[in-house]
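Trainee: Input protein05.cif, format and content: mmCIF, C-alpha atoms and all ligand atoms.
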```cif
data_query
loop_
_atom_site.label_atom_id
_atom_site.label_comp_id
_atom_site.auth_asym_id
_atom_site.auth_seq_id
_atom_site.Cartn_x
_atom_site.Cartn_y
_atom_site.Cartn_z
CA MET N 1 -58.62 -55.02 -8.99
CA ARG N 2 -55.11 -53.79 -8.34
CA THR N 3 -53.70 -54.83 -4.98
CA ILE N 4 -50.43 -54.66 -3.09
CA ASP N 5 -49.16 -57.18 -5.67
CA ASN N 6 -48.99 -54.30 -8.16
CA ILE N 7 -46.48 -52.47 -5.97
CA LYS N 8 -42.88 -53.21 -6.96
CA ILE N 9 -40.81 -50.69 -5.00
CA ILE N 10 -41.08 -49.26 -1.49
CA VAL N 11 -39.12 -46.15 -0.51
CA TYR N 12 -38.62 -45.01 3.09
CA HIS N 13 -36.12 -43.12 5.21
CA GLY N 14 -33.75 -45.12 7.41
CA GLN N 15 -34.73 -43.08 10.47
CA ASP N 16 -38.32 -44.40 10.07
CA LYS N 17 -37.45 -48.04 9.65
CA ASP N 18 -38.92 -49.00 13.04
CA ASN N 19 -42.14 -47.06 12.51
CA PRO N 20 -45.01 -49.60 12.77
CA ILE N 21 -46.33 -48.88 9.27
CA VAL N 22 -42.86 -48.96 7.69
CA ARG N 23 -42.15 -52.24 9.47
CA LYS N 24 -45.27 -53.83 8.01
CA PHE N 25 -44.25 -52.80 4.50
CA ARG N 26 -40.70 -54.04 5.07
CA GLU N 27 -42.07 -57.48 5.94
CA LEU N 28 -43.64 -57.83 2.48
CA LYS N 29 -42.03 -60.43 0.24
CA GLY N 30 -40.98 -59.87 -3.36
CA LYS N 31 -40.60 -56.07 -3.19
CA GLU N 32 -37.59 -53.89 -3.84
CA PHE N 33 -36.84 -51.62 -0.87
CA ILE N 34 -35.00 -48.32 -1.13
CA GLU N 35 -33.81 -47.03 2.25
CA CYS N 36 -32.89 -43.37 2.10
CA ASP N 37 -30.53 -41.32 4.22
CA GLU N 38 -28.83 -37.90 4.13
CA SER N 39 -26.86 -38.72 0.99
CA ARG N 40 -29.73 -40.42 -0.84
CA THR N 41 -32.82 -38.37 -0.04
CA MET N 42 -36.40 -39.50 -0.57
CA ASP N 43 -36.83 -36.83 -3.26
CA SER N 44 -33.74 -37.88 -5.19
CA ALA N 45 -34.75 -41.57 -4.97
CA ALA N 46 -38.19 -40.75 -6.33
CA ALA N 47 -36.71 -38.59 -9.09
CA ARG N 48 -34.37 -41.39 -10.15
CA LEU N 49 -37.23 -43.89 -10.34
CA LYS N 50 -39.31 -41.43 -12.32
CA ASN N 51 -36.47 -40.74 -14.76
CA ALA N 52 -35.91 -44.48 -15.14
CA GLY N 53 -39.54 -44.79 -16.30
CA VAL N 54 -40.82 -46.78 -13.31
CA PRO N 55 -44.61 -46.23 -13.29
CA SER N 56 -45.78 -43.98 -10.45
CA LYS N 57 -48.46 -46.49 -9.43
CA GLU N 58 -45.84 -49.19 -8.76
CA VAL N 59 -44.00 -47.20 -6.11
CA VAL N 60 -45.03 -46.58 -2.48
CA ILE N 61 -43.25 -43.75 -0.69
CA LEU N 62 -43.54 -43.93 3.10
CA LYS N 63 -43.06 -40.62 4.88
CA GLN N 64 -44.16 -38.47 7.79
CA TYR N 65 -46.73 -35.80 6.96
CA LYS N 66 -45.54 -32.46 8.28
CA GLY N 67 -48.75 -30.43 7.87
CA ARG N 68 -52.09 -30.57 9.65
CA ILE N 69 -53.43 -34.12 9.66
CA ILE N 70 -57.02 -32.99 10.18
CA ARG N 71 -58.51 -30.08 8.29
CA ARG N 72 -61.75 -28.94 6.75
CA CYS N 73 -62.49 -29.74 3.09
CA PRO N 74 -62.02 -26.42 1.27
CA GLY N 75 -65.19 -26.91 -0.81
CA THR N 76 -65.57 -24.72 -3.85
CA PRO N 77 -66.45 -20.99 -4.07
CA GLY N 78 -70.10 -20.11 -4.66
CA MET N 79 -71.35 -23.66 -4.03
CA ILE N 80 -73.09 -25.30 -1.09
CA CYS N 81 -70.66 -27.75 0.50
CA CYS N 82 -71.06 -30.04 3.50
CA ASN N 83 -68.07 -28.88 5.64
CA TYR N 84 -66.58 -32.35 5.59
CA MET N 85 -63.45 -32.89 7.70
CA ILE N 86 -60.45 -34.57 6.08
CA ILE N 87 -57.85 -36.79 7.73
CA ASN N 88 -54.72 -36.68 5.63
CA THR N 89 -53.31 -40.21 5.39
CA GLY N 90 -51.76 -40.22 1.94
CA PHE N 91 -51.60 -38.72 -1.51
CA ASN N 92 -52.27 -40.52 -4.79
CA CYS N 93 -53.53 -44.05 -5.14
CA LEU N 94 -53.21 -47.46 -6.78
CA TYR N 95 -56.04 -46.89 -9.19
CA ASP N 96 -56.11 -44.88 -12.36
CA CYS N 97 -59.35 -42.98 -12.79
CA THR N 98 -59.34 -40.87 -15.92
CA TYR N 99 -61.30 -38.13 -14.17
CA CYS N 100 -59.17 -38.08 -10.99
CA PHE N 101 -58.37 -34.52 -9.96
CA LEU N 102 -55.01 -35.73 -8.62
CA ASN N 103 -53.91 -35.99 -12.27
CA THR N 104 -53.64 -32.22 -12.27
CA TYR N 105 -50.80 -32.39 -9.71
CA LEU N 106 -48.13 -32.73 -12.37
CA ASN N 107 -45.11 -33.13 -10.12
CA SER N 108 -46.45 -35.81 -7.82
CA TYR N 109 -44.78 -39.19 -8.17
CA GLY N 110 -45.47 -42.45 -6.38
CA ILE N 111 -48.21 -43.44 -3.97
CA VAL N 112 -47.34 -41.43 -0.90
CA GLN N 113 -48.39 -43.16 2.31
CA PHE N 114 -48.11 -41.08 5.46
CA ILE N 115 -46.79 -42.95 8.48
CA ASN N 116 -47.81 -40.59 11.29
CA GLU N 117 -48.99 -42.49 14.30
CA GLY N 118 -52.72 -42.12 14.95
CA ILE N 119 -54.68 -38.93 15.35
CA SER N 120 -54.88 -36.62 18.31
CA MET N 121 -57.73 -37.55 20.64
CA SER N 122 -57.86 -34.01 21.98
CA GLU N 123 -58.35 -32.73 18.45
CA LEU N 124 -61.21 -35.19 17.94
CA ARG N 125 -62.73 -34.10 21.24
CA ALA N 126 -62.57 -30.44 20.24
CA LEU N 127 -64.01 -31.25 16.82
CA THR N 128 -67.04 -33.06 18.15
CA ALA N 129 -67.86 -30.66 20.99
CA GLU N 130 -70.99 -28.58 20.38
CA LYS N 131 -71.91 -30.30 17.11
CA ALA N 132 -74.86 -32.61 16.54
CA ALA N 133 -72.63 -34.83 14.42
CA VAL N 134 -69.32 -34.55 12.59
CA ARG N 135 -68.31 -36.38 9.42
CA ILE N 136 -64.65 -37.02 8.88
CA GLY N 137 -62.83 -39.24 6.42
CA THR N 138 -59.57 -40.24 4.81
CA GLY N 139 -60.55 -40.69 1.17
CA GLU N 140 -59.99 -37.19 -0.17
CA PHE N 141 -56.50 -37.46 -1.67
CA THR N 142 -56.21 -41.23 -1.81
CA ASP N 143 -58.33 -44.38 -1.60
CA SER N 144 -59.01 -45.14 2.08
CA LEU N 145 -58.75 -48.91 1.85
CA MET N 146 -56.50 -49.83 -1.10
CA LEU N 147 -53.57 -50.89 1.16
CA ASP N 148 -55.33 -50.72 4.51
CA GLN N 149 -54.74 -54.36 5.47
CA ILE N 150 -51.03 -53.45 5.61
CA THR N 151 -51.11 -49.96 7.10
CA GLY N 152 -53.74 -50.80 9.74
CA ILE N 153 -54.83 -47.16 9.61
CA GLY N 154 -58.53 -47.96 9.12
CA ALA N 155 -58.85 -50.16 12.22
CA SER N 156 -56.82 -47.72 14.30
CA LEU N 157 -59.02 -44.76 13.29
CA ILE N 158 -62.21 -46.76 13.86
CA ARG N 159 -61.02 -47.53 17.40
CA SER N 160 -60.18 -43.88 18.10
CA ALA N 161 -63.41 -42.53 16.60
CA SER N 162 -65.57 -45.06 18.46
CA HIS N 163 -65.04 -43.03 21.66
CA TYR N 164 -67.21 -40.23 20.26
CA ARG N 165 -70.90 -40.98 19.73
CA ASN N 166 -71.40 -38.07 17.35
CA LEU N 167 -68.35 -38.75 15.18
CA PHE N 168 -68.95 -40.49 11.86
CA LEU N 169 -65.64 -41.73 10.49
CA GLU N 170 -65.89 -42.51 6.78
CA LEU N 171 -63.49 -44.81 4.95
CA LYS N 172 -64.16 -44.38 1.24
CA THR N 173 -63.01 -46.77 -1.46
CA LYS N 174 -63.36 -48.18 -4.94
CA SER N 175 -61.98 -51.49 -3.71
CA SER N 176 -63.54 -54.52 -2.04
CA ASN N 177 -60.72 -54.66 0.49
CA ILE N 178 -62.68 -54.87 3.75
CA GLU N 179 -62.09 -58.40 5.06
CA HIS N 180 -59.58 -57.17 7.64
CA LEU N 181 -62.11 -54.67 9.06
CA LEU N 182 -65.10 -56.97 9.49
CA SER N 183 -64.07 -58.21 12.92
CA VAL N 184 -63.03 -54.85 14.44
CA PRO N 185 -64.86 -55.01 17.79
CA ASP N 186 -65.79 -51.38 18.56
CA LYS N 187 -67.08 -49.92 15.33
CA GLY N 188 -68.75 -46.84 16.82
CA ASN N 189 -70.28 -44.87 13.97
CA ALA N 190 -67.70 -45.93 11.41
CA VAL N 191 -69.03 -45.75 7.87
CA LEU N 192 -67.57 -47.85 5.08
CA ALA N 193 -68.29 -46.03 1.84
CA TRP N 194 -68.09 -46.83 -1.85
CA SER N 195 -67.89 -44.67 -4.90
CA LEU N 196 -70.23 -46.28 -7.39
CA ASN N 197 -70.68 -45.91 -11.10
CA THR N 198 -72.20 -47.82 -14.00
CA GLU N 199 -70.31 -50.81 -15.37
CA ARG N 200 -69.70 -48.89 -18.58
CA ASN N 201 -68.14 -45.95 -16.73
CA ILE N 202 -66.08 -48.19 -14.46
CA ARG N 203 -64.71 -50.00 -17.52
CA LEU N 204 -63.92 -46.77 -19.36
CA TYR N 205 -62.79 -44.46 -16.58
CA GLU N 206 -61.83 -46.36 -13.40
CA ALA N 207 -58.87 -48.54 -14.35
CA GLY N 208 -57.65 -50.92 -11.68
CA THR N 209 -60.65 -50.59 -9.36
CA ALA N 210 -63.00 -53.33 -8.14
CA ALA N 211 -65.90 -54.35 -10.37
CA LEU N 212 -69.32 -52.97 -9.51
CA ASP N 213 -70.61 -56.28 -8.14
CA ALA N 214 -67.53 -56.68 -5.94
CA ARG N 215 -68.12 -53.24 -4.42
CA ILE N 216 -71.80 -53.97 -3.82
CA GLN N 217 -71.04 -57.36 -2.26
CA ALA N 218 -68.42 -55.74 -0.02
CA ALA N 219 -70.99 -53.15 1.09
CA ALA N 220 -73.47 -55.94 1.88
CA ALA N 221 -70.79 -57.71 3.96
CA ALA N 222 -70.06 -54.44 5.79
CA CYS N 223 -73.75 -54.09 6.70
CA ARG N 224 -73.86 -57.67 7.98
CA ALA N 225 -70.77 -57.00 10.10
CA GLY N 226 -72.51 -54.06 11.79
CA TYR N 227 -71.08 -51.08 9.91
CA LEU N 228 -72.99 -48.15 8.58
CA VAL N 229 -72.42 -47.70 4.86
CA ALA N 230 -72.48 -44.77 2.44
CA PHE N 231 -72.29 -44.33 -1.31
CA HIS N 232 -71.02 -41.68 -3.65
CA PHE N 233 -72.39 -41.42 -7.17
CA ASP N 234 -69.71 -38.96 -8.11
CA PRO N 235 -68.90 -38.33 -10.85
CA ILE N 236 -72.13 -39.16 -12.64
CA ILE N 237 -71.08 -39.25 -16.28
CA ILE N 238 -73.93 -39.09 -18.74
CA TYR N 239 -74.17 -40.94 -22.07
CA PRO N 240 -77.12 -42.13 -24.17
CA ASP N 241 -78.16 -44.99 -21.84
CA TRP N 242 -77.12 -43.34 -18.56
CA GLU N 243 -80.56 -43.30 -16.96
CA ARG N 244 -81.34 -46.98 -17.32
CA GLU N 245 -77.83 -48.00 -16.25
CA TYR N 246 -77.56 -45.72 -13.18
CA LEU N 247 -81.00 -46.82 -12.00
CA ASP N 248 -79.92 -50.42 -12.49
CA VAL N 249 -76.91 -49.75 -10.21
CA LEU N 250 -79.25 -48.37 -7.54
CA ASP N 251 -81.58 -51.38 -7.87
CA ARG N 252 -78.70 -53.83 -7.55
CA LEU N 253 -77.34 -51.93 -4.59
CA PHE N 254 -80.58 -51.79 -2.63
CA ARG N 255 -81.36 -55.44 -3.35
CA ALA N 256 -78.03 -56.35 -1.72
CA ILE N 257 -77.71 -54.03 1.28
CA ASP N 258 -79.83 -53.14 4.29
CA ALA N 259 -81.27 -49.71 3.36
CA GLU N 260 -81.50 -48.81 7.07
CA LYS N 261 -77.71 -48.97 7.28
CA ALA N 262 -77.12 -46.48 4.46
CA ALA N 263 -76.26 -43.28 6.33
CA TRP N 264 -75.71 -41.04 3.32
CA ILE N 265 -75.52 -40.97 -0.46
CA SER N 266 -73.93 -38.14 -2.41
CA LEU N 267 -74.72 -37.22 -5.99
CA GLY N 268 -72.41 -35.15 -8.15
CA CYS N 269 -72.35 -34.76 -11.92
CA PHE N 270 -68.96 -34.86 -13.64
CA ARG N 271 -67.16 -31.53 -13.55
CA HIS N 272 -63.66 -30.46 -14.37
CA SER N 273 -61.30 -27.55 -14.02
CA PRO N 274 -60.10 -25.62 -17.09
CA GLY N 275 -56.70 -27.37 -17.29
CA PHE N 276 -58.18 -30.83 -16.93
CA LYS N 277 -58.06 -31.96 -20.57
CA GLU N 278 -54.30 -31.40 -20.73
CA ALA N 279 -53.83 -33.13 -17.36
CA MET N 280 -55.38 -36.40 -18.51
CA HIS N 281 -52.01 -37.26 -20.04
CA GLY N 282 -53.60 -38.49 -23.27
CA ALA N 283 -55.72 -41.19 -21.57
CA SER N 284 -57.55 -43.04 -24.34
CA SER N 285 -60.92 -42.61 -22.61
CA GLY N 286 -60.34 -38.88 -22.09
CA PRO N 287 -62.06 -37.55 -25.22
CA SER N 288 -65.34 -39.43 -24.52
CA LEU N 289 -65.32 -38.11 -20.95
CA THR N 290 -65.27 -34.48 -21.99
CA ALA N 291 -67.30 -34.93 -25.17
CA GLY N 292 -70.61 -33.66 -23.72
CA GLU N 293 -71.52 -29.97 -23.74
CA MET N 294 -70.08 -28.42 -20.59
CA PHE N 295 -70.07 -24.84 -19.39
CA PRO N 296 -68.05 -22.95 -16.76
CA GLY N 297 -69.80 -22.18 -13.44
CA PRO N 298 -69.08 -19.48 -10.83
CA ASP N 299 -66.21 -21.57 -9.44
CA GLY N 300 -64.60 -21.83 -12.91
CA LYS N 301 -65.35 -25.55 -13.20
CA PHE N 302 -67.02 -26.92 -16.33
CA ARG N 303 -70.32 -28.75 -15.79
CA TYR N 304 -73.25 -30.15 -17.78
CA LEU N 305 -76.08 -27.67 -18.28
CA LYS N 306 -77.98 -26.91 -15.08
CA GLY N 307 -81.28 -28.33 -16.38
CA ILE N 308 -79.57 -31.60 -17.28
CA ARG N 309 -77.98 -31.87 -13.84
CA ILE N 310 -81.26 -31.20 -12.08
CA GLY N 311 -82.93 -33.92 -14.18
CA VAL N 312 -80.17 -36.39 -13.31
CA TYR N 313 -80.46 -35.67 -9.58
CA HIS N 314 -84.28 -35.97 -9.61
CA THR N 315 -84.04 -39.32 -11.38
CA MET N 316 -81.52 -40.69 -8.88
CA LEU N 317 -83.25 -39.23 -5.83
CA ASP N 318 -86.67 -40.65 -6.74
CA ARG N 319 -85.22 -44.13 -7.07
CA ILE N 320 -83.23 -43.87 -3.82
CA ARG N 321 -86.33 -42.68 -1.94
CA SER N 322 -88.39 -45.55 -3.38
CA TYR N 323 -86.30 -47.91 -1.24
CA GLY N 324 -87.30 -46.23 2.03
CA GLY N 325 -84.64 -45.95 4.70
CA THR N 326 -83.49 -42.72 6.28
CA THR N 327 -80.46 -42.08 4.09
CA PHE N 328 -79.37 -38.44 3.91
CA VAL N 329 -79.00 -37.63 0.22
CA TYR N 330 -76.92 -34.61 -0.74
CA LEU N 331 -75.32 -32.95 -3.72
CA CYS N 332 -71.62 -32.39 -4.11
CA MET N 333 -70.42 -28.97 -5.26
CA GLU N 334 -73.76 -27.67 -6.47
CA SER N 335 -75.27 -24.20 -6.21
CA ALA N 336 -78.08 -23.13 -3.89
CA SER N 337 -80.44 -22.90 -6.86
CA VAL N 338 -79.78 -26.51 -7.90
CA TRP N 339 -80.40 -27.60 -4.31
CA ARG N 340 -83.69 -25.70 -4.34
CA SER N 341 -84.80 -27.29 -7.62
CA VAL N 342 -83.94 -30.83 -6.53
CA PHE N 343 -84.93 -30.86 -2.86
CA GLY N 344 -87.08 -27.73 -2.49
CA ILE N 345 -84.70 -26.67 0.29
CA GLU N 346 -83.11 -23.25 0.60
CA TYR N 347 -79.60 -23.45 2.05
CA LYS N 348 -77.99 -20.02 2.23
CA ASN N 349 -74.54 -21.40 2.94
CA SER N 350 -72.53 -24.52 3.71
CA ASP N 351 -73.01 -24.14 7.48
CA GLU N 352 -76.76 -24.59 7.04
CA LEU N 353 -76.26 -27.81 5.11
CA GLU N 354 -73.74 -29.05 7.67
CA SER N 355 -76.21 -28.37 10.46
CA ALA N 356 -79.12 -30.11 8.67
CA PHE N 357 -76.88 -33.08 7.87
CA GLY N 358 -75.65 -33.31 11.47
CA ASN N 359 -79.17 -33.15 12.91
CA HIS N 360 -80.32 -35.86 10.52
CA LEU N 361 -77.49 -38.15 11.61
CA LYS N 362 -78.21 -37.39 15.24
CA ASN N 363 -81.90 -38.21 14.84
CA TYR N 364 -81.56 -41.38 12.80
CA PHE N 365 -78.11 -42.89 13.25
CA ILE N 366 -76.69 -42.13 16.68
CA GLN N 367 -77.63 -44.96 19.03
S1 LIG N 401 -59.79 -44.03 -6.73
FE1 LIG N 401 -59.99 -41.85 -6.24
S2 LIG N 401 -57.90 -41.17 -5.72
FE2 LIG N 401 -57.73 -43.13 -6.82
S3 LIG N 401 -57.43 -42.59 -8.98
FE3 LIG N 401 -59.64 -42.92 -8.65
S4 LIG N 401 -60.48 -40.87 -8.20
FE4 LIG N 401 -58.23 -40.77 -7.92
#
```
Go through the file and emit its structure as structure tokens.
Mentor:
Amino acid sequence: MRTIDNIKIIVYHGQDKDNPIVRKFRELKGKEFIECDESRTMDSAAARLKNAGVPSKEVVILKQYKGRIIRRCPGTPGMICCNYMIINTGFNCLYDCTYCFLNTYLNSYGIVQFINEGISMSELRALTAEKAAVRIGTGEFTDSLMLDQITGIGASLIRSASHYRNLFLELKTKSSNIEHLLSVPDKGNAVLAWSLNTERNIRLYEAGTAALDARIQAAAAACRAGYLVAFHFDPIIIYPDWEREYLDVLDRLFRAIDAEKAAWISLGCFRHSPGFKEAMHGASSGPSLTAGEMFPGPDGKFRYLKGIRIGVYHTMLDRIRSYGGTTFVYLCMESASVWRSVFGIEYKNSDELESAFGNHLKNYFIQ
């Protein structure tokens, strides 16, 4: 698994050098630091590194985020989405997943770590008012935990979120980097979450991430420490032996964790936007990823045939349910008709799913 050891260069602006997160990075040994100012801007420093051929994944760029820190996940047109709330803590990540949608952002360079201090408690209060439960997380444009032992963002957010009984803060990762979070005293409804895949798909498409067993063992440790956990089988990538291998992942997972602690599991078959093949930058595993027959849906994204997706979801759902527990299982970016076929539930829109999800969490997971 890649760690902070893979980072060679850290770029920041001189005016931020006393920011708590910047200070922690500056204390690291064996790194090259580039301090920017008016004459050497952050953009020009990044451009110079890029032109010099320094790999993007070896550079951390520390900067303030100027936009809205908290916002709603935009979802995708014509699909049932869960109205997830996103906390923007960074952009890009240490790992190198072939299927990562961030690859389509051609001009991004470096692992951008935002250094804004905390989140607004009044915003959290407004968010959680009048809702059964709210799910919010940091892992949308980055990996939540890859460098978290340095930034301290995870522990700080857990502390803030623990004031709200109906707020489920999710920290999502493909790492096993959770040691520093195990002893956080007030965990509230914090959820440590892992994206999981088969060993074959991790080897082919998730370069630099933790091995499957390491993720499962980390999840088991999180349960023992008192956290809720969640899992994302997304993207599910099918190949001749997919069924046996995905079910084996579920069996290994449920043998290791406490099923009662699993708050949610998402399922989503691999999908990609039209420009995706070009954006993979010639990754050697790219052709096998897009080799299956895929067709454009109403949102323009290419997916496996609907009947195949429904079969995949049924297979996964049956095995998850066989382990009991009260886990909320949901589909990511699927149509109302796929939902109906898999769960026999008719959601007319994303608000209905959000409400059902929130009520489920309220009934089974809010103490
Ligand atoms: S871990 Fe997530 S953000 Fe990082 S490369 Fe993989 S898909 Fe992209």
Trainee: Can I get the residues of chain N within 6 Å of ligand LIG 401 (chain N), each with the closest pair of atoms and their distance in Å to one decimal, using all atoms listed in the file, sorted chain first then ascending number, as JSON lines?
Mentor:
```
{"residue": "N:Asn92", "atom": "CA", "partner": "N:LIG401", "partner_atom": "S2", "distance": 5.7}
{"residue": "N:Cys93", "atom": "CA", "partner": "N:LIG401", "partner_atom": "FE2", "distance": 4.6}
{"residue": "N:Tyr95", "atom": "CA", "partner": "N:LIG401", "partner_atom": "S3", "distance": 4.5}
{"residue": "N:Asp96", "atom": "CA", "partner": "N:LIG401", "partner_atom": "S3", "distance": 4.3}
{"residue": "N:Cys97", "atom": "CA", "partner": "N:LIG401", "partner_atom": "FE3", "distance": 4.2}
{"residue": "N:Cys100", "atom": "CA", "partner": "N:LIG401", "partner_atom": "S4", "distance": 4.2}
{"residue": "N:Phe141", "atom": "CA", "partner": "N:LIG401", "partner_atom": "S2", "distance": 5.7}
{"residue": "N:Thr142", "atom": "CA", "partner": "N:LIG401", "partner_atom": "S2", "distance": 4.3}
{"residue": "N:Asp143", "atom": "CA", "partner": "N:LIG401", "partner_atom": "S2", "distance": 5.2}
{"residue": "N:Lys174", "atom": "CA", "partner": "N:LIG401", "partner_atom": "S1", "distance": 5.8}
```
Trainee: Enumerate, as a PyMOL selection string, the protein, DNA and RNA residues whose atoms approach (-65.9, -46.1, -0.8) to within 8 Å, taking into account all atoms listed in the file and the coordinate frame of the file.
Mentor: chain N and resi 139+143-144+171-175+192-196+230-232
Trainee: Name the residues in contact with range 256-263 of chain N at a cut-off of 12 Å, using only C-alpha atoms, excluding same-chain residues fewer than 3 positions from it; report them as JSON, numbers by chain.
Mentor: {"N": [135, 168, 169, 170, 189, 190, 191, 192, 193, 194, 213, 214, 215, 216, 217, 218, 219, 220, 221, 222, 223, 224, 225, 226, 227, 228, 229, 230, 231, 232, 249, 250, 251, 252, 253, 266, 320, 321, 322, 323, 324, 325, 326, 327, 328, 329, 330, 357, 358, 360, 361, 362, 363, 364, 365, 366]}
Trainee: With a distance cut-off of 7 Å and only C-alpha atoms, select the neighbouring residues of Thr198 in chain N, excluding the residue or stretch itself and same-chain residues fewer than 3 positions from it, and output the selection as a VMD selection string.
Mentor: chain N and resid 201 to 202 245 to 246 249
Trainee: Between CA of Tyr109 in chain N and CA of Ser56 in chain N, measure the distance and give it in Å to one decimal.
Mentor: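 About the pair CA of Tyr109 in chain N and CA of Ser56 in chain N: they are 5.4 Å apart.
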Trainee: Enter the distance from CA of Glu278 in chain N to CA of Tyr105 in chain N, in Å, rounded to one decimal.
Mentor: 11.6 Å
Trainee: Please provide the set of residues having any atom within 10 Å of Leu124 in chain N, restricted to only C-alpha atoms, with same-chain residues fewer than 5 positions apart removed, written as a PDB file with C-alpha atoms, in the frame of the given file.
Mentor:
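Below you can see around_0.pdb, which holds the result:
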```pdb
ATOM      1  CA  ILE N  70     -57.020 -32.990  10.180  1.00  0.00           C
ATOM      2  CA  ILE N 119     -54.680 -38.930  15.350  1.00  0.00           C
ATOM      3  CA  ALA N 129     -67.860 -30.660  20.990  1.00  0.00           C
ATOM      4  CA  VAL N 134     -69.320 -34.550  12.590  1.00  0.00           C
ATOM      5  CA  ILE N 136     -64.650 -37.020   8.880  1.00  0.00           C
ATOM      6  CA  SER N 160     -60.180 -43.880  18.100  1.00  0.00           C
ATOM      7  CA  ALA N 161     -63.410 -42.530  16.600  1.00  0.00           C
ATOM      8  CA  HIS N 163     -65.040 -43.030  21.660  1.00  0.00           C
ATOM      9  CA  TYR N 164     -67.210 -40.230  20.260  1.00  0.00           C
ATOM     10  CA  LEU N 167     -68.350 -38.750  15.180  1.00  0.00           C
TER      11      LEU N 167
END
```
Trainee: (-72.3, -35.6, -11.3) in this file's frame - what residues fall within 8 Å of it? Use all atoms listed in the file and give the answer as a list in words.
Mentor: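 Final list of nearby residues, as requested, is Phe233, Asp234, Pro235, Ile236, Ile237, Leu267, Gly268, Cys269, Phe270, Arg271, Arg309 and Cys332 of chain N.
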Trainee: Please indicate the distance in Å from CA of Gln64 in chain N to CA of Arg125 in chain N, rounded to one decimal place.
Mentor: 23.3 Å
Trainee: So which one's closest to Glu293 in chain N, N:Tyr239, N:Leu353, N:Val338, N:Ala279? Using only C-alpha atoms, please.
Mentor: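 Under the stated criterion, the closest residue is N:Tyr239.
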Trainee: At a cut-off of 10 Å, using only C-alpha atoms, what residues contact Gln149 in chain N? Leave out same-chain residues fewer than 3 positions from it and give the result as a PyMOL selection string.
Mentor: chain N and resi 4+24+145-146+152-155+177-181
Trainee: Determine the nearest neighbour of Gln113 in chain N from the options N:Ile61, N:Ala46, N:Ala52, N:Met1, counting all atoms listed in the file.
Mentor: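 Among the listed residues, N:Ile61 lies closest to Gln113 in chain N.
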Trainee: Taking every listed atom of range 63-82 of chain N and adding 8 Å to each side, what centre and edge lengths in Å (one decimal) does the axis-aligned box have, as JSON?
Mentor:
```
{"center_x": -58.1, "center_y": -30.4, "center_z": 2.8, "size_x": 46.0, "size_y": 36.5, "size_z": 30.8}
```
Trainee: Find, counting only C-alpha atoms, the residue in N:Ser183, N:Leu305, N:Pro287, N:Leu331 that gets nearest to Ile265 in chain N.
Mentor: N:Leu331
